[in-house]
Every structure is written in structure tokens, then in C-alpha cells.
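The structure under discussion appears below in the form of C-alpha cells.
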Amino acid sequence: MRLTDALSPDVTAAARGALVVPLGSLEQHGPHLPLATDTLVAAAVAERLAAARPGAALAPAVPFGASGEHVGFAGTLSIGTEALRLLLVELLRDATSTWPAVLLVNGHGGNAEAVAGAVRLGLDEGRTVAAVHLGLPGMDAHAGRSETSLLLHLAPQIVALDRAAPGPIAPVADLLPRLRAEGVRGVSPNGVLGDPTGATAAEGEELLRRLVERAVDAYDRLVGGL
């Protein structure tokens, strides 16, 4: 059930599963992907999760995240870790007055600290909450082959593949000291961490399938204890 489509009396009647909340960001994703890439992926995964679990309710995506490392690029809008944490704390408190559980589906790595803090406080307050982070072994970090493939599958009309160019391909762990000190722009002038070369819609479809499986598994573990 999409909350945006629900009639008010039906919401409480349908609140037998968890509320699923996609979290994204609005930040530069190289010269070829839209600013809302993380939000689009998180929303797509959450939508398919909700379709697979009829008891789930689907919230609109939270489109702003903690994207301070991308502020050197035009178009990035970041609310920062603490503001995002507080937003999620209040959202979880209010949502659990209607739904027995809440699952946060996070599509942006920069949100991880805020998400962890909000979930931790929610659990301390006795709420049934959890988060799933949309990453898989082998996926590159930012605007590379993985995200480009996902967007080619989900929304090819907004991918400027002719403008795609590689950035640093070293593991993020190796780049972290410079990323923290200089931001993404200091490490990658085009904003790409990875190599979008060879991205395909077919690869994106497979990645999306696996991400949905990951999210469904997290949902089932969350509601299994209700």
C-alpha cells in the first residue's frame, strides 16, 4: 500500500505489517547520472519490496540526505548527519504509533551514521525498527558501473551515457583518508568513483533483483518477531 494513495480510514486497517521508508540523497553523480540517483534506486527497491509483501506500507522517499562529501559539486543539497538523524528519530516515533514496525531502506552510504543513530535510539525506546543498506559485494562506490547499470534499467531516458567517464577505481577504503580531507571533488574531478564503462540495463536488472532480495530478507526478519 502506497501511503500517497491511501484513504485515511484504510491506513489503520492495513497497518498489519511494517512501514517501509526509502532514504536517498540529492547529490552529483558524475556528468551522466541524475542528482536523485540514490533516491530513485532506494524508491525502486522499496516499491518492489512492498509489492512482494502485501502487509507492508510504502512511504514516500526521503530525498535529502547527508552528502557533505559532495558539496563541491553544483546541485548537491545536503541536510547533514545530525539533521537527518533527528528527522528519522521523529519519523520513527510517529510511525510506530500506527505501524508495529518500520524498515528504513537506505540508498546512500553517507546516510549510514544518521540511520544507525536513529535505529539505535528507536530500539532503546522499545520500538521495532531496522535498516537495510543497499550495497552488494563487488558494487563500485559512486556513479560507476553499478549505479549506471541500475539507472539504465530503471530510467534509461535520464542517463547521458555518452558523457560517462571513469573516475578513480581504487577501493573506497583506500580512498577514505583523502575523501574525508578533500571531499569527492578533491579525489575525483568528475565526481565518479568507479568506472561506468560497460554498464548495461541487463546488469542493472540483476543488481536490482539482488538488492530487492536483500531488502525483502531484512523485512521478513523484522516482522518475523512481531
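Following the order of the C-alpha cells, first chain is A, next is B, and so on, with residues numbered from 1 inside each chain and ligands from 1 in the order they appear.
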Could you list, as a ChimeraX atom specification, every residue within 7 Å of segment 196-199 of chain A, counting only C-alpha atoms and ignoring same-chain residues fewer than 5 positions away?
/A:143-145,148-149,164-166
Kindly assemble as a tab-separated table a list of the segment 92-202 of chain A residues that lie within 10 Å of segment 212-222 of chain A, each paired with its nearest atom pair and their distance in Å to one decimal, using only C-alpha atoms, sorted first by chain and then by ascending residue number.
residue	atom	partner	partner_atom	distance
A:Ala101	CA	A:Leu222	CA	7.4
A:Val102	CA	A:Leu222	CA	8.3
A:Leu103	CA	A:Tyr219	CA	6.7
A:Leu104	CA	A:Ala215	CA	9.5
A:Val105	CA	A:Ala215	CA	7.3
A:Asn106	CA	A:Ala215	CA	9.8
A:Thr128	CA	A:Leu222	CA	7.5
A:Val129	CA	A:Leu222	CA	7.3
A:Ala130	CA	A:Leu222	CA	6.8
A:Ala131	CA	A:Ala218	CA	7.7
A:Val132	CA	A:Ala215	CA	6.2
A:His133	CA	A:Ala215	CA	8.3
A:Leu134	CA	A:Ala215	CA	7.9
A:Gly135	CA	A:Arg214	CA	9.1
A:Leu136	CA	A:Arg214	CA	9.0
Which neighbours of segment 63-74 of chain A fall inside 7 Å, counting only C-alpha atoms, when residues of the same chain fewer than 5 positions from it are skipped, and could you give them as an NGL selection string?
:A and (23-28 or 39 or 79-81 or 84 or 110-111 or 183-185)
Taking the backbone alone, and naming residues the way the document does, which bits of segment 9-202 of chain A are helix (DSSP H, G or I) by DSSP, as a ChimeraX atom specification?
/A:9-14,37-52,68-70,81-95,109-124,145-154,156-158,161-163,172-187,201-202
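Using only C-alpha atoms, the smallest distance between any of A:Gly17, A:Pro189, A:Gly126, A:Gly167 and Leu58 of chain A comes from A:Gly17.
Separating atom CA of Glu203 of chain A from atom CA of Pro31 of chain A is a distance of 20.6 Å.
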